[in-house]
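Novice: The structure under discussion is supplied below as structure tokens; questions concerning it will follow.
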Amino acid sequence: MAQYKWFPAVLLALGVACATNPATGRSDFNTMSEADEVALGRQADAQVRQEMGVYDDAAWQAYVNRVGQALAKNSHRPGLPWTFAVIDSPAVNAFALPGGFIYLTRGILPFLRDEAELANVLGHEIAHVTARHGAQAYSKQQAAGLLVGLGRIFAPERYQGLVGVAEGGLGLLFLKYGRDAEREADQFGVGYAAKAGWDPAGMTGMLGTLVRLSEASGSRRGVPNFLSTHPAPEDRIEELRVAVAAAAGPGSRTTNAAEFSRRLDGLVFGDSREQGMVRGRAFVHPVLKFSLEFPEGWQIANSAQQVVAQPQEEAPLAMILQVVADTSRSPEEVARAVMAEAQMQQQSGQNTTINGLRTFVGTYVGEQQVVRAAFIAAGGQTYLLAGMATEAAFNSGQRAFGETIASFRPLSEQEANAIQPDRVDSYTVRSGDTWASIAQNISKDAIGGPSLAVMNGSSPETRPAPGTRIRIVARR
Ligand SMILES: [Zn+2]
């Protein structure tokens, strides 16, 4: 969750034209000129950087940019204003915006074996741009009037699953390209990587890892990952082997495996301090300096816009936490404005304090739900912490909502400084170790055993070999 900011929606007046595709040579129905494409990408890029945040590590940014620029130079559209950035997100993903804006999440990096895999995932995203997949998908989406608007508070689909960034005005990032586009991006990406000197087998390696990872981690609701935003046929890897074999050659062998692993040492894993972290049932935010505790056993998901908690079992209950305003207005005034916009009727409400913080708490009724909402002023931000339920379920959630709201408290400087993120580290396997035991005892459950195996290029059914040096996640 991040600070309160306001983002204007990306609005463009687009003319309709047919253009020849620079990578595929086909004539596309495409409403965008190259200038429009770059302008659209540039606006969305500013939004991505502000809303998702760029990972605060100059060495990683420079490294990814260096690899990316070498690939772009060998692509079908070397003249675009290519930029490459590592986004401060724990999700395992990569994406591209029209015009040449390419992103990797911080979360995908420890799952890449070496620099060849990095180059191939970047090559795949570059290919989405050179083949204008995003521009085409955007044109179609725009034509159908489906562009996702900025996040609406209390949309009923909140109950469907935890909400990821896709809903928050960044819909452009998570356009699905479709089967043919993915195949094309794989093929072109392999070619760019090989031409720039990297081993094209990094593409099959990377995809294999991501498939194993999604199997190992199950469905993590609300976090769009690479395979959900890059849908692919089952036979994708098999098909790719042919392209990899064709692209391979003596000039395309670079992997830089040792250097890549060394760079990973110390990389932030999972939530960062800037986004706040889930620690057991607590959500702590050392930068905004507050903490709270959600009900025992609830699942907590932290995204750029909000924190959402839901009971493990299916129940029409949820809690959300988000920043809704600064503190230039009183909590009561903010409550009135926000709830009016959400079309909720106030049933009761009062000014109070929670752990010394000015708060307005009220109960509201909407079309499909009852909401217990606290508007809490803390450290220059006004937070909305709300429990939501269907009318029938509201009573069963009342106590949990009340206890969670009462647990919101400021953190002292000292408490905030003591909260540190998990980081990638290395460990020498001892005899008797299993992936599960290392995850539990050494990583203190900062990562699960199956994911740890996949991070080390192994399948969860294997055992790590004693004496080998492996990647782990360290929690302090
Ligand atoms: Zn793709």
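Chain identifiers are assigned as A, B, and so on, following the order in which chains appear in the structure tokens; residues are numbered from 1 within each chain, and ligands are numbered from 1 in order of appearance.
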Show me, as a PyMOL selection string, the residues that have an atom within 10 Å of Ile108 (chain A) when counting only C-alpha atoms, minus same-chain residues fewer than 4 positions from it.

Specialist: chain A and resi 86+89-94+104+112+118+121+206+210+225-226+269+455

Novice: List every residue of chain A that has an atom at most 8 Å from any atom of ligand 1, giving for each one its closest atom pair and the distance in Å to one decimal, counting only C-alpha atoms and all ligand atoms, sorted by chain and then by ascending residue number, as CSV.

Specialist:
```
residue,atom,partner,partner_atom_place_in_ligand_line,distance
A:Phe95,CA,ligand 1,1 (Zn),7.5
A:His124,CA,ligand 1,1 (Zn),6.2
A:Glu125,CA,ligand 1,1 (Zn),6.1
A:His128,CA,ligand 1,1 (Zn),6.5
A:Tyr177,CA,ligand 1,1 (Zn),6.9
A:Ala181,CA,ligand 1,1 (Zn),7.2
A:Glu182,CA,ligand 1,1 (Zn),4.8
A:Ala185,CA,ligand 1,1 (Zn),6.0
A:Asp186,CA,ligand 1,1 (Zn),7.4
A:Phe226,CA,ligand 1,1 (Zn),7.9
A:Thr229,CA,ligand 1,1 (Zn),7.3
A:His230,CA,ligand 1,1 (Zn),4.5
A:Pro231,CA,ligand 1,1 (Zn),7.4
```

Novice: For the selection you just gave me, I'd like the residues written to a file as a PDB file, in the first residue's frame, keeping C-alpha atoms.

Specialist:
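Everything below was put into selection.pdb:
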```
ATOM      1  CA  PHE A  95       5.224  -6.431 -18.837  1.00  0.00           C
ATOM      2  CA  HIS A 124       9.800 -11.529 -24.990  1.00  0.00           C
ATOM      3  CA  GLU A 125       8.461  -8.194 -23.656  1.00  0.00           C
ATOM      4  CA  HIS A 128       5.257  -7.469 -27.613  1.00  0.00           C
ATOM      5  CA  TYR A 177      -2.376 -10.680 -25.770  1.00  0.00           C
ATOM      6  CA  ALA A 181       0.777 -12.950 -29.859  1.00  0.00           C
ATOM      7  CA  GLU A 182       2.462 -14.999 -27.127  1.00  0.00           C
ATOM      8  CA  ALA A 185       6.718 -12.814 -28.666  1.00  0.00           C
ATOM      9  CA  ASP A 186       8.486 -16.051 -27.728  1.00  0.00           C
ATOM     10  CA  PHE A 226       3.412 -13.747 -15.633  1.00  0.00           C
ATOM     11  CA  THR A 229      -1.016 -11.954 -18.004  1.00  0.00           C
ATOM     12  CA  HIS A 230       0.752 -13.975 -20.696  1.00  0.00           C
ATOM     13  CA  PRO A 231      -1.671 -16.804 -21.383  1.00  0.00           C
TER      14      PRO A 231
END
```

Novice: Compile the contact shell of Gly449 (chain A) as a PyMOL selection string: residues with an atom at most 12 Å away, counting only C-alpha atoms, same-chain residues fewer than 3 positions apart removed.

Specialist: chain A and resi 213+216-217+433-446+452-456+458-464+472-473

Novice: Fewer than 6 positions away in the same chain doesn't count, so skip those; otherwise give me all residues within 7 Å of region 280-297 of chain A, counting only C-alpha atoms, as a list of chain:residue names.

Specialist: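 In the requested form, the answer reads A:Arg273, A:Glu274, A:Pro311, A:Gln312, A:Ala400, A:Thr404, A:Ser407, A:Phe408, A:Arg409, A:Pro410, A:Leu411, A:Ala416, A:Asn417, A:Ile419.
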
Novice: Would you mind telling me which residue in A:Ala318, A:Ala474, A:Met203, A:Ile354 lies nearest to Asn120 (chain A) when using only C-alpha atoms?

Specialist: A:Met203

Novice: Using DSSP assignments from the backbone, pull out every residue in region 154-378 of chain A that falls under strand (DSSP E) and give it to me as number ranges by chain.

Specialist: A: 268-269, 277-279, 282-285, 290-293, 299-302, 307-310, 317-326, 345-354, 357-365, 370-378

Novice: Residues as selected, C-alpha atoms, written as a PDB file, in the first residue's frame, can you do that?

Specialist:
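To be explicit, this is the file written out as again29.pdb:
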```pdb
ATOM      1  CA  VAL A 268      14.392  -7.566  -1.295  1.00  0.00           C
ATOM      2  CA  PHE A 269      11.985 -10.527  -1.403  1.00  0.00           C
ATOM      3  CA  MET A 277       4.505  -5.954   5.108  1.00  0.00           C
ATOM      4  CA  VAL A 278       2.340  -8.774   6.269  1.00  0.00           C
ATOM      5  CA  ARG A 279       3.785 -10.364   9.407  1.00  0.00           C
ATOM      6  CA  ALA A 282      -0.416  -8.091  11.424  1.00  0.00           C
ATOM      7  CA  PHE A 283       0.096  -5.556   8.670  1.00  0.00           C
ATOM      8  CA  VAL A 284       2.990  -3.239   9.507  1.00  0.00           C
ATOM      9  CA  HIS A 285       4.045  -0.188   7.541  1.00  0.00           C
ATOM     10  CA  PHE A 290       1.442   2.285  11.603  1.00  0.00           C
ATOM     11  CA  SER A 291       0.404  -1.257  12.342  1.00  0.00           C
ATOM     12  CA  LEU A 292      -2.825  -3.182  12.786  1.00  0.00           C
ATOM     13  CA  GLU A 293      -3.937  -6.751  13.327  1.00  0.00           C
ATOM     14  CA  GLN A 299      -5.690 -14.137   4.446  1.00  0.00           C
ATOM     15  CA  ILE A 300      -4.062 -10.774   3.923  1.00  0.00           C
ATOM     16  CA  ALA A 301      -3.092  -9.460   0.490  1.00  0.00           C
ATOM     17  CA  ASN A 302      -1.162  -6.254   0.024  1.00  0.00           C
ATOM     18  CA  VAL A 307      -4.668  -4.189   1.774  1.00  0.00           C
ATOM     19  CA  VAL A 308      -7.486  -6.713   1.637  1.00  0.00           C
ATOM     20  CA  ALA A 309      -8.153  -9.370   4.264  1.00  0.00           C
ATOM     21  CA  GLN A 310     -10.654 -12.198   3.985  1.00  0.00           C
ATOM     22  CA  LEU A 317     -16.893 -10.827   4.619  1.00  0.00           C
ATOM     23  CA  ALA A 318     -13.837  -8.745   3.843  1.00  0.00           C
ATOM     24  CA  MET A 319     -11.801  -5.922   5.285  1.00  0.00           C
ATOM     25  CA  ILE A 320      -9.905  -3.329   3.342  1.00  0.00           C
ATOM     26  CA  LEU A 321      -7.375  -0.713   4.272  1.00  0.00           C
ATOM     27  CA  GLN A 322      -6.463   2.106   1.964  1.00  0.00           C
ATOM     28  CA  VAL A 323      -5.309   5.697   2.009  1.00  0.00           C
ATOM     29  CA  VAL A 324      -8.223   7.869   0.876  1.00  0.00           C
ATOM     30  CA  ALA A 325      -7.066  11.433   1.542  1.00  0.00           C
ATOM     31  CA  ASP A 326      -4.476  13.613   3.170  1.00  0.00           C
ATOM     32  CA  GLN A 345     -26.088   5.656   3.477  1.00  0.00           C
ATOM     33  CA  GLN A 346     -24.849   6.436   6.966  1.00  0.00           C
ATOM     34  CA  GLN A 347     -26.774   4.607   9.706  1.00  0.00           C
ATOM     35  CA  SER A 348     -24.707   5.792  12.640  1.00  0.00           C
ATOM     36  CA  GLY A 349     -21.405   7.513  13.140  1.00  0.00           C
ATOM     37  CA  GLN A 350     -19.243   9.303  15.680  1.00  0.00           C
ATOM     38  CA  ASN A 351     -15.969  11.131  16.170  1.00  0.00           C
ATOM     39  CA  THR A 352     -13.584   9.270  18.420  1.00  0.00           C
ATOM     40  CA  THR A 353      -9.902   8.475  18.898  1.00  0.00           C
ATOM     41  CA  ILE A 354      -8.175   5.155  18.311  1.00  0.00           C
ATOM     42  CA  LEU A 357      -5.528   9.038  16.485  1.00  0.00           C
ATOM     43  CA  ARG A 358      -8.448  11.243  15.357  1.00  0.00           C
ATOM     44  CA  THR A 359     -11.043   8.935  13.864  1.00  0.00           C
ATOM     45  CA  PHE A 360     -14.581   8.921  12.542  1.00  0.00           C
ATOM     46  CA  VAL A 361     -16.307   5.541  12.752  1.00  0.00           C
ATOM     47  CA  GLY A 362     -19.630   4.780  11.164  1.00  0.00           C
ATOM     48  CA  THR A 363     -21.939   2.056   9.931  1.00  0.00           C
ATOM     49  CA  TYR A 364     -23.193   2.384   6.391  1.00  0.00           C
ATOM     50  CA  VAL A 365     -25.664   0.573   4.195  1.00  0.00           C
ATOM     51  CA  VAL A 370     -23.253  -3.230   5.131  1.00  0.00           C
ATOM     52  CA  VAL A 371     -19.986  -1.536   5.993  1.00  0.00           C
ATOM     53  CA  ARG A 372     -18.340  -0.654   9.274  1.00  0.00           C
ATOM     54  CA  ALA A 373     -15.849   2.030   8.303  1.00  0.00           C
ATOM     55  CA  ALA A 374     -13.226   3.923  10.274  1.00  0.00           C
ATOM     56  CA  PHE A 375     -11.571   7.020   8.851  1.00  0.00           C
ATOM     57  CA  ILE A 376      -8.324   7.424  10.763  1.00  0.00           C
ATOM     58  CA  ALA A 377      -5.972  10.421  10.553  1.00  0.00           C
ATOM     59  CA  ALA A 378      -2.361   9.386  11.091  1.00  0.00           C
TER      60      ALA A 378
END
```

Novice: Let's see if you can do this: from backbone DSSP, list all alpha helix (DSSP H) residues in region 263-360 of chain A, as an NGL selection string.

Specialist: :A and (263-264 or 331-341)

Novice: Nearest to Glu403 (chain A): which of A:Asp265, A:Gly379, A:Ala386, A:Glu415 is it, counting only C-alpha atoms?

Specialist: A:Ala386

Novice: Calculate how many Å separate CA of Leu71 (chain A) from CA of Trp198 (chain A), rounding to one decimal.

Specialist: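 Taking CA of Leu71 (chain A) as the start and CA of Trp198 (chain A) as the end point, the length is 9.3 Å.
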
Novice: Point out the residue among A:Ala116, A:Thr382, A:Ser330, A:Tyr55 with the least atom-to-atom distance to Ser252 (chain A), counting only C-alpha atoms.

Specialist: A:Ala116

Novice: So that I can check the surroundings of Ala201 (chain A), please list as a PDB file with N, CA, C and O atoms, in the first residue's frame every protein, DNA and RNA residue that reaches within 9 Å of it, counting only C-alpha atoms and ignoring chain neighbours fewer than 6 positions away.

Specialist:
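Resulting contents of around.pdb:
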```pdb
ATOM      1  N   ALA A 116      20.988 -15.126 -19.115  1.00  0.00           N
ATOM      2  CA  ALA A 116      20.322 -15.533 -20.365  1.00  0.00           C
ATOM      3  C   ALA A 116      18.807 -15.569 -20.159  1.00  0.00           C
ATOM      4  O   ALA A 116      18.041 -15.178 -21.039  1.00  0.00           O
ATOM      5  N   GLU A 117      18.359 -16.035 -18.996  1.00  0.00           N
ATOM      6  CA  GLU A 117      16.925 -16.038 -18.723  1.00  0.00           C
ATOM      7  C   GLU A 117      16.402 -14.613 -18.587  1.00  0.00           C
ATOM      8  O   GLU A 117      15.313 -14.291 -19.052  1.00  0.00           O
ATOM      9  N   ASN A 120      16.110 -13.251 -22.073  1.00  0.00           N
ATOM     10  CA  ASN A 120      14.995 -13.816 -22.836  1.00  0.00           C
ATOM     11  C   ASN A 120      13.637 -13.291 -22.374  1.00  0.00           C
ATOM     12  O   ASN A 120      12.756 -13.063 -23.195  1.00  0.00           O
ATOM     13  N   VAL A 190      13.388 -14.840 -28.515  1.00  0.00           N
ATOM     14  CA  VAL A 190      14.513 -15.766 -28.639  1.00  0.00           C
ATOM     15  C   VAL A 190      15.522 -15.236 -29.662  1.00  0.00           C
ATOM     16  O   VAL A 190      16.733 -15.254 -29.439  1.00  0.00           O
ATOM     17  N   ARG A 241      11.193 -24.992 -28.490  1.00  0.00           N
ATOM     18  CA  ARG A 241      12.467 -25.706 -28.633  1.00  0.00           C
ATOM     19  C   ARG A 241      13.000 -25.592 -30.059  1.00  0.00           C
ATOM     20  O   ARG A 241      14.194 -25.480 -30.272  1.00  0.00           O
ATOM     21  N   VAL A 244      14.451 -22.138 -30.473  1.00  0.00           N
ATOM     22  CA  VAL A 244      15.703 -22.033 -29.712  1.00  0.00           C
ATOM     23  C   VAL A 244      16.830 -22.718 -30.476  1.00  0.00           C
ATOM     24  O   VAL A 244      17.928 -22.166 -30.634  1.00  0.00           O
ATOM     25  N   ALA A 245      16.559 -23.905 -30.990  1.00  0.00           N
ATOM     26  CA  ALA A 245      17.577 -24.644 -31.740  1.00  0.00           C
ATOM     27  C   ALA A 245      18.014 -23.855 -32.971  1.00  0.00           C
ATOM     28  O   ALA A 245      19.200 -23.797 -33.308  1.00  0.00           O
ATOM     29  N   ALA A 248      20.206 -20.823 -31.824  1.00  0.00           N
ATOM     30  CA  ALA A 248      21.447 -21.118 -31.097  1.00  0.00           C
ATOM     31  C   ALA A 248      22.646 -21.089 -32.038  1.00  0.00           C
ATOM     32  O   ALA A 248      22.525 -21.384 -33.222  1.00  0.00           O
TER      33      ALA A 248
END
```

Novice: Restricting the calculation to only C-alpha atoms: of A:Leu40, A:Val334, A:Ile470, A:Ala23, which residue gets closest to Leu264 (chain A)?

Specialist: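 Comparing A:Leu40, A:Val334, A:Ile470, A:Ala23 against Leu264 (chain A), the winner is A:Ile470.
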
Novice: From the set A:Gly249, A:Gly178, A:Gly208, A:Gly134, which residue has the shortest atom-to-atom contact distance to Lys195 (chain A), counting only C-alpha atoms?

Specialist: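 The answer is A:Gly249, which sits nearest to Lys195 (chain A).
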